[in-house]
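Content type mmCIF, C-alpha atoms and all ligand atoms, from the file model_14.cif:
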data_my_file
loop_
_atom_site.group_PDB
_atom_site.id
_atom_site.type_symbol
_atom_site.label_atom_id
_atom_site.label_comp_id
_atom_site.auth_asym_id
_atom_site.auth_seq_id
_atom_site.Cartn_x
_atom_site.Cartn_y
_atom_site.Cartn_z
ATOM 1 C CA MET A 69 -88.048 46.393 34.988
ATOM 2 C CA GLY A 70 -85.378 47.729 37.333
ATOM 3 C CA ILE A 71 -82.001 49.142 36.437
ATOM 4 C CA GLN A 72 -80.909 48.942 32.798
ATOM 5 C CA ILE A 73 -77.571 49.863 31.216
ATOM 6 C CA THR A 74 -77.558 51.022 27.601
ATOM 7 C CA PRO A 75 -74.003 51.770 26.408
ATOM 8 C CA SER A 76 -73.592 54.238 23.548
ATOM 9 C CA VAL A 77 -71.395 53.163 20.647
ATOM 10 C CA LEU A 78 -70.686 56.789 19.718
ATOM 11 C CA ASN A 79 -67.112 56.409 20.952
ATOM 12 C CA ALA A 80 -66.681 52.782 19.943
ATOM 13 C CA ASP A 81 -64.831 51.677 16.790
ATOM 14 C CA LEU A 82 -67.512 52.473 14.234
ATOM 15 C CA SER A 83 -65.812 50.375 11.558
ATOM 16 C CA ARG A 84 -66.613 47.281 13.645
ATOM 17 C CA LEU A 85 -70.003 48.175 15.051
ATOM 18 C CA ALA A 86 -71.466 44.684 15.538
ATOM 19 C CA ASP A 87 -68.193 43.447 17.105
ATOM 20 C CA GLU A 88 -68.206 46.397 19.497
ATOM 21 C CA VAL A 89 -71.754 45.490 20.575
ATOM 22 C CA ALA A 90 -70.633 41.896 21.159
ATOM 23 C CA ARG A 91 -68.071 43.214 23.695
ATOM 24 C CA ILE A 92 -70.833 44.296 26.111
ATOM 25 C CA PRO A 93 -72.929 41.147 26.720
ATOM 26 C CA SER A 94 -74.029 42.358 30.171
ATOM 27 C CA ALA A 95 -75.784 45.415 28.711
ATOM 28 C CA ASP A 96 -79.552 45.522 28.256
ATOM 29 C CA TRP A 97 -79.616 47.519 25.018
ATOM 30 C CA VAL A 98 -77.125 49.210 22.727
ATOM 31 C CA HIS A 99 -77.686 52.977 22.406
ATOM 32 C CA VAL A 100 -77.090 54.343 18.904
ATOM 33 C CA ASP A 101 -76.772 58.122 18.487
ATOM 34 C CA VAL A 102 -78.066 59.468 15.187
ATOM 35 C CA MET A 103 -77.045 63.100 14.529
ATOM 36 C CA ASP A 104 -77.866 65.121 11.418
ATOM 37 C CA ASN A 105 -75.673 68.243 11.766
ATOM 38 C CA HIS A 106 -78.853 70.349 11.974
ATOM 39 C CA PHE A 107 -80.526 69.540 15.280
ATOM 40 C CA VAL A 108 -77.025 69.175 16.770
ATOM 41 C CA PRO A 109 -73.666 70.389 15.392
ATOM 42 C CA ASN A 110 -72.344 66.901 14.655
ATOM 43 C CA LEU A 111 -72.975 64.167 12.113
ATOM 44 C CA THR A 112 -72.796 60.465 12.897
ATOM 45 C CA LEU A 113 -74.751 57.786 11.074
ATOM 46 C CA GLY A 114 -78.244 57.155 9.845
ATOM 47 C CA LEU A 115 -80.835 54.664 8.752
ATOM 48 C CA PRO A 116 -78.739 52.414 6.456
ATOM 49 C CA VAL A 117 -76.179 51.786 9.197
ATOM 50 C CA VAL A 118 -78.845 51.170 11.837
ATOM 51 C CA GLU A 119 -80.656 48.799 9.476
ATOM 52 C CA ALA A 120 -77.409 46.893 8.962
ATOM 53 C CA LEU A 121 -76.644 46.781 12.679
ATOM 54 C CA ALA A 122 -80.170 45.521 13.434
ATOM 55 C CA GLN A 123 -79.319 42.422 11.368
ATOM 56 C CA HIS A 124 -76.161 41.645 13.361
ATOM 57 C CA SER A 125 -76.509 43.160 16.837
ATOM 58 C CA THR A 126 -76.450 40.790 19.799
ATOM 59 C CA LEU A 127 -78.455 43.374 21.793
ATOM 60 C CA PRO A 128 -81.725 45.170 21.056
ATOM 61 C CA ILE A 129 -81.205 48.681 19.710
ATOM 62 C CA ASP A 130 -82.132 51.880 21.541
ATOM 63 C CA VAL A 131 -81.835 54.586 18.893
ATOM 64 C CA HIS A 132 -81.496 58.240 19.959
ATOM 65 C CA LEU A 133 -82.486 60.523 17.119
ATOM 66 C CA MET A 134 -80.833 63.933 17.409
ATOM 67 C CA ILE A 135 -82.316 65.034 14.123
ATOM 68 C CA GLU A 136 -84.741 67.522 12.703
ATOM 69 C CA ASP A 137 -88.065 66.287 11.388
ATOM 70 C CA PRO A 138 -88.312 63.099 13.491
ATOM 71 C CA ASP A 139 -91.981 62.990 12.461
ATOM 72 C CA ARG A 140 -90.757 61.902 9.062
ATOM 73 C CA TRP A 141 -87.764 59.736 9.985
ATOM 74 C CA ALA A 142 -88.461 58.017 13.318
ATOM 75 C CA PRO A 143 -91.016 55.498 11.956
ATOM 76 C CA ALA A 144 -88.417 54.208 9.492
ATOM 77 C CA TYR A 145 -86.207 53.160 12.426
ATOM 78 C CA ALA A 146 -89.091 51.249 13.997
ATOM 79 C CA GLU A 147 -89.630 49.658 10.605
ATOM 80 C CA ALA A 148 -85.943 48.623 10.595
ATOM 81 C CA GLY A 149 -86.512 46.581 13.747
ATOM 82 C CA VAL A 150 -85.262 49.043 16.349
ATOM 83 C CA GLY A 151 -86.801 48.169 19.724
ATOM 84 C CA SER A 152 -86.832 51.645 21.243
ATOM 85 C CA VAL A 153 -86.983 54.874 19.248
ATOM 86 C CA THR A 154 -86.225 58.195 20.984
ATOM 87 C CA PHE A 155 -87.045 61.499 19.300
ATOM 88 C CA HIS A 156 -86.500 64.988 20.729
ATOM 89 C CA LEU A 157 -89.502 67.023 21.836
ATOM 90 C CA GLU A 158 -87.700 70.168 20.644
ATOM 91 C CA ALA A 159 -87.618 68.812 17.067
ATOM 92 C CA ALA A 160 -91.001 67.098 16.775
ATOM 93 C CA ALA A 161 -93.910 68.844 15.063
ATOM 94 C CA ALA A 162 -96.522 66.447 16.476
ATOM 95 C CA PRO A 163 -94.970 64.479 19.368
ATOM 96 C CA VAL A 164 -98.181 62.771 20.505
ATOM 97 C CA ARG A 165 -98.998 61.573 17.015
ATOM 98 C CA LEU A 166 -95.420 60.379 16.538
ATOM 99 C CA ALA A 167 -95.370 58.469 19.840
ATOM 100 C CA ARG A 168 -98.624 56.755 18.914
ATOM 101 C CA GLU A 169 -97.287 55.862 15.494
ATOM 102 C CA LEU A 170 -94.143 54.284 16.974
ATOM 103 C CA ARG A 171 -96.186 52.240 19.425
ATOM 104 C CA ALA A 172 -98.525 51.123 16.659
ATOM 105 C CA GLN A 173 -95.449 49.892 14.806
ATOM 106 C CA GLY A 174 -94.492 47.771 17.811
ATOM 107 C CA ALA A 175 -91.548 49.884 18.985
ATOM 108 C CA ARG A 176 -91.144 51.464 22.386
ATOM 109 C CA ALA A 177 -91.898 55.177 22.038
ATOM 110 C CA SER A 178 -89.427 57.424 23.794
ATOM 111 C CA MET A 179 -89.009 61.189 23.952
ATOM 112 C CA ALA A 180 -85.938 63.208 24.927
ATOM 113 C CA LEU A 181 -85.620 66.619 26.556
ATOM 114 C CA LYS A 182 -82.492 68.777 26.341
ATOM 115 C CA PRO A 183 -81.171 70.016 29.708
ATOM 116 C CA ALA A 184 -82.919 73.412 29.501
ATOM 117 C CA THR A 185 -86.277 72.090 28.297
ATOM 118 C CA PRO A 186 -88.679 72.091 31.254
ATOM 119 C CA LEU A 187 -90.380 68.884 32.288
ATOM 120 C CA GLU A 188 -93.720 70.707 32.060
ATOM 121 C CA ALA A 189 -93.384 70.609 28.261
ATOM 122 C CA ALA A 190 -93.750 66.803 28.393
ATOM 123 C CA GLU A 191 -95.899 66.399 31.483
ATOM 124 C CA GLY A 192 -99.224 66.126 29.688
ATOM 125 C CA MET A 193 -98.097 63.318 27.380
ATOM 126 C CA LEU A 194 -96.163 60.986 29.687
ATOM 127 C CA GLY A 195 -98.899 58.378 29.290
ATOM 128 C CA GLU A 196 -98.115 58.237 25.557
ATOM 129 C CA LEU A 197 -94.506 57.235 26.196
ATOM 130 C CA ASP A 198 -92.586 54.112 27.174
ATOM 131 C CA MET A 199 -89.468 56.061 28.120
ATOM 132 C CA LEU A 200 -88.514 59.655 28.857
ATOM 133 C CA LEU A 201 -84.869 60.600 28.212
ATOM 134 C CA LEU A 202 -83.596 63.469 30.301
ATOM 135 C CA MET A 203 -80.342 64.646 28.716
ATOM 136 C CA THR A 204 -77.605 65.290 31.263
ATOM 137 C CA VAL A 205 -75.381 67.068 28.700
ATOM 138 C CA GLU A 206 -76.232 69.240 25.713
ATOM 139 C CA PRO A 207 -76.696 66.676 22.936
ATOM 140 C CA GLY A 208 -74.105 66.464 20.179
ATOM 141 C CA PHE A 209 -70.929 64.951 21.571
ATOM 142 C CA GLY A 210 -69.667 62.201 23.827
ATOM 143 C CA GLY A 211 -67.230 62.834 26.628
ATOM 144 C CA GLN A 212 -68.943 65.883 28.173
ATOM 145 C CA LYS A 213 -69.401 66.569 31.869
ATOM 146 C CA PHE A 214 -72.595 65.394 33.622
ATOM 147 C CA LEU A 215 -74.870 68.369 34.376
ATOM 148 C CA ASP A 216 -75.992 68.232 37.991
ATOM 149 C CA LEU A 217 -78.563 70.927 37.248
ATOM 150 C CA VAL A 218 -80.709 68.211 35.626
ATOM 151 C CA LEU A 219 -81.019 66.243 38.907
ATOM 152 C CA PRO A 220 -84.094 68.151 40.180
ATOM 153 C CA LYS A 221 -85.824 67.455 36.853
ATOM 154 C CA ILE A 222 -85.102 63.728 37.209
ATOM 155 C CA ARG A 223 -86.475 63.814 40.748
ATOM 156 C CA ARG A 224 -89.637 65.602 39.650
ATOM 157 C CA ALA A 225 -90.123 63.205 36.735
ATOM 158 C CA ARG A 226 -89.834 60.210 39.082
ATOM 159 C CA GLU A 227 -92.445 61.759 41.380
ATOM 160 C CA LEU A 228 -94.847 62.305 38.488
ATOM 161 C CA VAL A 229 -94.351 58.783 37.146
ATOM 162 C CA SER A 230 -94.921 57.225 40.580
ATOM 163 C CA ALA A 231 -97.934 59.410 41.363
ATOM 164 C CA ALA A 232 -99.550 58.512 38.039
ATOM 165 C CA GLY A 233 -98.630 54.823 38.365
ATOM 166 C CA LEU A 234 -97.047 54.836 34.915
ATOM 167 C CA GLU A 235 -94.765 52.125 33.498
ATOM 168 C CA LEU A 236 -92.443 54.791 32.145
ATOM 169 C CA TRP A 237 -88.685 54.244 32.097
ATOM 170 C CA LEU A 238 -86.534 57.272 32.953
ATOM 171 C CA GLN A 239 -83.298 57.373 30.991
ATOM 172 C CA VAL A 240 -80.302 59.641 31.514
ATOM 173 C CA ASP A 241 -77.704 60.262 28.823
ATOM 174 C CA GLY A 242 -74.492 62.250 28.975
ATOM 175 C CA GLY A 243 -71.539 62.153 31.337
ATOM 176 C CA VAL A 244 -72.733 58.980 33.070
ATOM 177 C CA SER A 245 -69.806 57.195 34.724
ATOM 178 C CA ALA A 246 -68.871 55.467 37.975
ATOM 179 C CA GLU A 247 -68.591 58.969 39.455
ATOM 180 C CA THR A 248 -72.085 60.168 38.485
ATOM 181 C CA VAL A 249 -74.345 57.123 38.090
ATOM 182 C CA GLU A 250 -75.281 56.972 41.771
ATOM 183 C CA ARG A 251 -76.495 60.593 41.788
ATOM 184 C CA ALA A 252 -78.689 59.941 38.762
ATOM 185 C CA ALA A 253 -80.051 56.709 40.233
ATOM 186 C CA GLU A 254 -80.734 58.326 43.583
ATOM 187 C CA ALA A 255 -82.714 61.055 41.779
ATOM 188 C CA GLY A 256 -84.864 58.365 40.156
ATOM 189 C CA ALA A 257 -83.352 57.409 36.796
ATOM 190 C CA ASP A 258 -83.508 53.702 35.932
ATOM 191 C CA VAL A 259 -81.990 53.500 32.431
ATOM 192 C CA PHE A 260 -78.399 54.669 32.031
ATOM 193 C CA VAL A 261 -76.593 55.527 28.808
ATOM 194 C CA ALA A 262 -72.804 55.569 29.068
ATOM 195 C CA GLY A 263 -70.546 56.136 26.085
ATOM 196 C CA SER A 264 -66.993 57.132 26.823
ATOM 197 C CA ALA A 265 -67.014 55.530 30.291
ATOM 198 C CA VAL A 266 -67.697 52.143 28.705
ATOM 199 C CA TYR A 267 -65.776 52.261 25.441
ATOM 200 C CA SER A 268 -62.645 54.000 26.712
ATOM 201 C CA ALA A 269 -62.146 51.085 29.117
ATOM 202 C CA GLU A 270 -59.981 48.076 28.432
ATOM 203 C CA ASP A 271 -62.864 45.833 29.493
ATOM 204 C CA PRO A 272 -66.120 47.591 28.523
ATOM 205 C CA ASP A 273 -68.330 44.836 29.924
ATOM 206 C CA ALA A 274 -66.723 45.192 33.365
ATOM 207 C CA VAL A 275 -67.761 48.874 33.328
ATOM 208 C CA VAL A 276 -71.324 47.893 32.395
ATOM 209 C CA ARG A 277 -71.455 45.566 35.403
ATOM 210 C CA GLU A 278 -69.887 48.195 37.670
ATOM 211 C CA LEU A 279 -72.403 50.855 36.599
ATOM 212 C CA ARG A 280 -75.253 48.428 37.229
ATOM 213 C CA ASP A 281 -73.966 47.619 40.719
ATOM 214 C CA LEU A 282 -73.511 51.299 41.589
ATOM 215 C CA ALA A 283 -76.977 52.209 40.300
ATOM 216 C CA HIS A 284 -78.510 49.413 42.378
ATOM 217 C CA ALA A 285 -76.742 50.471 45.573
HETATM 218 C C1 LIG B 301 -74.605 62.801 23.359
HETATM 219 C C2 LIG B 301 -75.133 61.420 23.101
HETATM 220 C C3 LIG B 301 -74.718 60.444 24.122
HETATM 221 C C4 LIG B 301 -73.229 60.218 24.190
HETATM 222 C C5 LIG B 301 -72.910 59.865 25.594
HETATM 223 O O1 LIG B 301 -75.286 63.715 22.569
HETATM 224 O O2 LIG B 301 -76.550 61.425 23.087
HETATM 225 O O3 LIG B 301 -75.408 59.204 23.977
HETATM 226 O O4 LIG B 301 -72.761 59.188 23.377
HETATM 227 O O5 LIG B 301 -71.534 59.856 25.731
HETATM 228 P P1 LIG B 301 -70.845 60.041 27.139
HETATM 229 O O6 LIG B 301 -71.308 58.919 28.000
HETATM 230 O O7 LIG B 301 -69.412 60.022 26.827
HETATM 231 O O8 LIG B 301 -71.325 61.371 27.673
HETATM 232 ZN ZN ZN B 302 -77.573 59.473 23.181
#
Whole structure, structure tokens version:
Amino acid sequence: MGIQITPSVLNADLSRLADEVARIPSADWVHVDVMDNHFVPNLTLGLPVVEALAQHSTLPIDVHLMIEDPDRWAPAYAEAGVGSVTFHLEAAAAPVRLARELRAQGARASMALKPATPLEAAEGMLGELDMLLLMTVEPGFGGQKFLDLVLPKIRRARELVSAAGLELWLQVDGGVSAETVERAAEAGADVFVAGSAVYSAEDPDAVVRELRDLAHA
């Protein structure tokens, strides 16, 4: 599949969500951060808003569920027409069952690990996933600094994926910008979430294209 850019609308104008998505035509997906104020100390939006966006978005939706009890809620996002559903390993009661359920619904099944969660916790189930998200900040807020300490985990994940011949995308999320995207790409990431870097710019689509070029280099 190659390099993909998935801007996060967390720092976009949330009163004009579909219009904000239309400003980034060069992106591959739009990344939507769902936070419940329990799994992370912040509250954003939930199923009704994602359902509404799915009707009007010019890009497929990549939803990132930073919520407790994803076993209960994640399938509803697939049902709403979301193309890729990411749940956190730390919050899931039965991650393998949940990944299989999402795939059976026709969504891409994706699982996220917080920076301190070891890759070993997910290693045995990589074949059940379409994407692994390695968080490069502690989840909860946009605008944080990229954590270089996650780079060895990205490298190791890329080795495992290559050795096993898996079609697994490796996504990074948090602090991705023109300054950090090359490091993440060099370590082996191929799907890049960028929130503030894209939506704080005058021309968000130009940043999407720049990040893609830098990641390819
Ligand atoms: C953080 C979210 C990210 C966030 C990224 O918990 O998962 O998707 O929007 O924002 P930046 O790119 O500003 O770190
Ligand atoms: Zn996210």
Interface rows for chain A against ligand LIG 301 (chain B): nearest pair, Å to one decimal, 8 Å, only C-alpha atoms and all ligand atoms, as CSV:
residue,atom,partner,partner_atom,distance
A:Pro75,CA,B:LIG301,O6,7.8
A:Ser76,CA,B:LIG301,O4,5.0
A:Val77,CA,B:LIG301,O4,6.8
A:Leu78,CA,B:LIG301,O4,4.8
A:Asn79,CA,B:LIG301,O4,6.7
A:His99,CA,B:LIG301,O3,6.8
A:Val100,CA,B:LIG301,O3,7.2
A:Asp101,CA,B:LIG301,O2,5.7
A:His132,CA,B:LIG301,O2,6.7
A:Met134,CA,B:LIG301,O2,7.5
A:Met203,CA,B:LIG301,O2,7.5
A:Val205,CA,B:LIG301,C1,6.9
A:Glu206,CA,B:LIG301,O1,6.4
A:Pro207,CA,B:LIG301,O1,3.3
A:Gly208,CA,B:LIG301,O1,3.8
A:Phe209,CA,B:LIG301,C1,4.6
A:Gly210,CA,B:LIG301,O5,3.6
A:Gly211,CA,B:LIG301,O7,3.6
A:Gln212,CA,B:LIG301,O8,5.1
A:Lys213,CA,B:LIG301,O8,7.0
A:Phe214,CA,B:LIG301,O8,7.3
A:Asp241,CA,B:LIG301,O3,5.5
A:Gly242,CA,B:LIG301,O8,3.5
A:Gly243,CA,B:LIG301,O8,3.8
A:Val244,CA,B:LIG301,O6,5.3
A:Ser245,CA,B:LIG301,O6,7.1
A:Val261,CA,B:LIG301,O3,6.2
A:Ala262,CA,B:LIG301,O6,3.8
A:Gly263,CA,B:LIG301,O6,3.5
A:Ser264,CA,B:LIG301,O7,3.8
A:Ala265,CA,B:LIG301,O6,5.9
A:Val266,CA,B:LIG301,O6,7.7
Practice prompt. Would you please work out which residue, of A:Leu202, A:Leu219, A:Ala90, A:Ala189, is nearest to ligand ZN 302 (chain B) when using all atoms listed in the file?
Written response: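 For ligand ZN 302 (chain B), the nearest of the given residues is A:Leu202.
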Practice prompt. List every protein, DNA or RNA residue that has at least one atom no more than 12 Å from (-83.0, 69.1, 25.2) in the file's coordinates, counting all atoms listed in the file, and write the result as number ranges by chain.
Written response: A: 107-108, 133-135, 155-160, 179-187, 189-190, 200-208, 218, 240-242
Worksheet entry | Nearby residues (all atoms listed in the file) at most 10 Å from Asp87 (chain A), same-chain spacing under 4 positions excluded, as number ranges by chain | A: 80-83, 91-92, 124-126
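Considering only C-alpha atoms and all ligand atoms, the residue among A:Val153, A:Ala283, A:Val275, A:Val249 positioned nearest to ligand ZN 302 (chain B) is A:Val153.
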Listing only residues of region 179-283 of chain A within 10 Å of region 169-173 of chain A, what is the closest atom pair and its distance in Å (to one decimal) for each, using only C-alpha atoms, sorted by chain and residue number ascending, as a tab-separated table?
residue	atom	partner	partner_atom	distance
A:Glu196	CA	A:Arg171	CA	8.8
A:Leu197	CA	A:Arg171	CA	8.6
A:Asp198	CA	A:Arg171	CA	8.7
Could those residues be written to a file, using C-alpha atoms, as a PDB file, in the coordinates of the input?
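Wrote it out as out_38.pdb, contents follow:
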ATOM      1  CA  GLU A 196     -98.115  58.237  25.557  1.00  0.00           C
ATOM      2  CA  LEU A 197     -94.506  57.235  26.196  1.00  0.00           C
ATOM      3  CA  ASP A 198     -92.586  54.112  27.174  1.00  0.00           C
TER       4      ASP A 198
END
Fill in: Pairwise distance for CA of Tyr145 (chain A) and CA of Leu115 (chain A), rounded to one decimal in Å
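If I compute the distance from CA of Tyr145 (chain A) to CA of Leu115 (chain A), I get 6.7 Å.
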Fill in: Residues returned when the PyMOL selection byres (((chain A and resi 222) around 8) and not hetatm) runs on this file, as an NGL selection string
:A and (202 or 218-221 or 223-226 or 238 or 252 or 255-257)
Item to complete: Find, counting all atoms listed in the file, the residue in A:Asp137, A:Asp271, A:Glu278, A:Asp130 that gets nearest to ligand ZN 302 (chain B).
Response: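 Answer, going by the shortest atom-to-atom distance: A:Asp130.
Here CA of Ser230 (chain A) stands at a distance of 28.5 Å from CA of Pro138 (chain A).
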Return region 163-184 of chain A, completed with N, CA and C atoms, as a compact mmCIF listing (two decimals), in the coordinates of the input.
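Result file follows (result-v2.txt):
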# COMPACT_ATOMS: atom_id res chain seq x y z
N PRO A 163 -95.55 65.56 18.55
CA PRO A 163 -94.97 64.48 19.37
C PRO A 163 -95.97 63.40 19.79
N VAL A 164 -97.20 63.78 20.08
CA VAL A 164 -98.18 62.77 20.50
C VAL A 164 -98.49 61.83 19.35
N ARG A 165 -98.71 62.42 18.18
CA ARG A 165 -99.00 61.57 17.02
C ARG A 165 -97.82 60.65 16.72
N LEU A 166 -96.61 61.18 16.83
CA LEU A 166 -95.42 60.38 16.54
C LEU A 166 -95.27 59.23 17.54
N ALA A 167 -95.47 59.53 18.82
CA ALA A 167 -95.37 58.47 19.84
C ALA A 167 -96.39 57.37 19.56
N ARG A 168 -97.59 57.76 19.20
CA ARG A 168 -98.62 56.76 18.91
C ARG A 168 -98.26 55.93 17.69
N GLU A 169 -97.67 56.58 16.72
CA GLU A 169 -97.29 55.86 15.49
C GLU A 169 -96.21 54.83 15.81
N LEU A 170 -95.23 55.21 16.62
CA LEU A 170 -94.14 54.28 16.97
C LEU A 170 -94.69 53.08 17.73
N ARG A 171 -95.59 53.34 18.67
CA ARG A 171 -96.19 52.24 19.42
C ARG A 171 -96.99 51.32 18.50
N ALA A 172 -97.71 51.93 17.59
CA ALA A 172 -98.52 51.12 16.66
C ALA A 172 -97.63 50.23 15.80
N GLN A 173 -96.40 50.69 15.58
CA GLN A 173 -95.45 49.89 14.81
C GLN A 173 -94.80 48.79 15.64
N GLY A 174 -95.05 48.81 16.94
CA GLY A 174 -94.49 47.77 17.81
C GLY A 174 -93.19 48.16 18.47
N ALA A 175 -92.76 49.42 18.31
CA ALA A 175 -91.55 49.88 18.98
C ALA A 175 -91.92 50.53 20.31
N ARG A 176 -90.94 50.65 21.19
CA ARG A 176 -91.14 51.46 22.39
C ARG A 176 -90.98 52.92 21.98
N ALA A 177 -91.93 53.76 22.39
CA ALA A 177 -91.90 55.18 22.04
C ALA A 177 -91.22 55.95 23.15
N SER A 178 -90.19 56.70 22.79
CA SER A 178 -89.43 57.42 23.79
C SER A 178 -89.19 58.86 23.33
N MET A 179 -89.21 59.78 24.30
CA MET A 179 -89.01 61.19 23.95
C MET A 179 -87.91 61.78 24.83
N ALA A 180 -87.07 62.61 24.23
CA ALA A 180 -85.94 63.21 24.93
C ALA A 180 -86.16 64.70 25.14
N LEU A 181 -85.63 65.19 26.26
CA LEU A 181 -85.62 66.62 26.56
C LEU A 181 -84.18 67.07 26.76
N LYS A 182 -83.80 68.18 26.10
CA LYS A 182 -82.49 68.78 26.34
C LYS A 182 -82.46 69.34 27.77
N PRO A 183 -81.26 69.60 28.30
CA PRO A 183 -81.17 70.02 29.71
C PRO A 183 -82.05 71.22 30.06
N ALA A 184 -82.17 72.19 29.16
CA ALA A 184 -82.92 73.41 29.50
C ALA A 184 -84.41 73.32 29.19
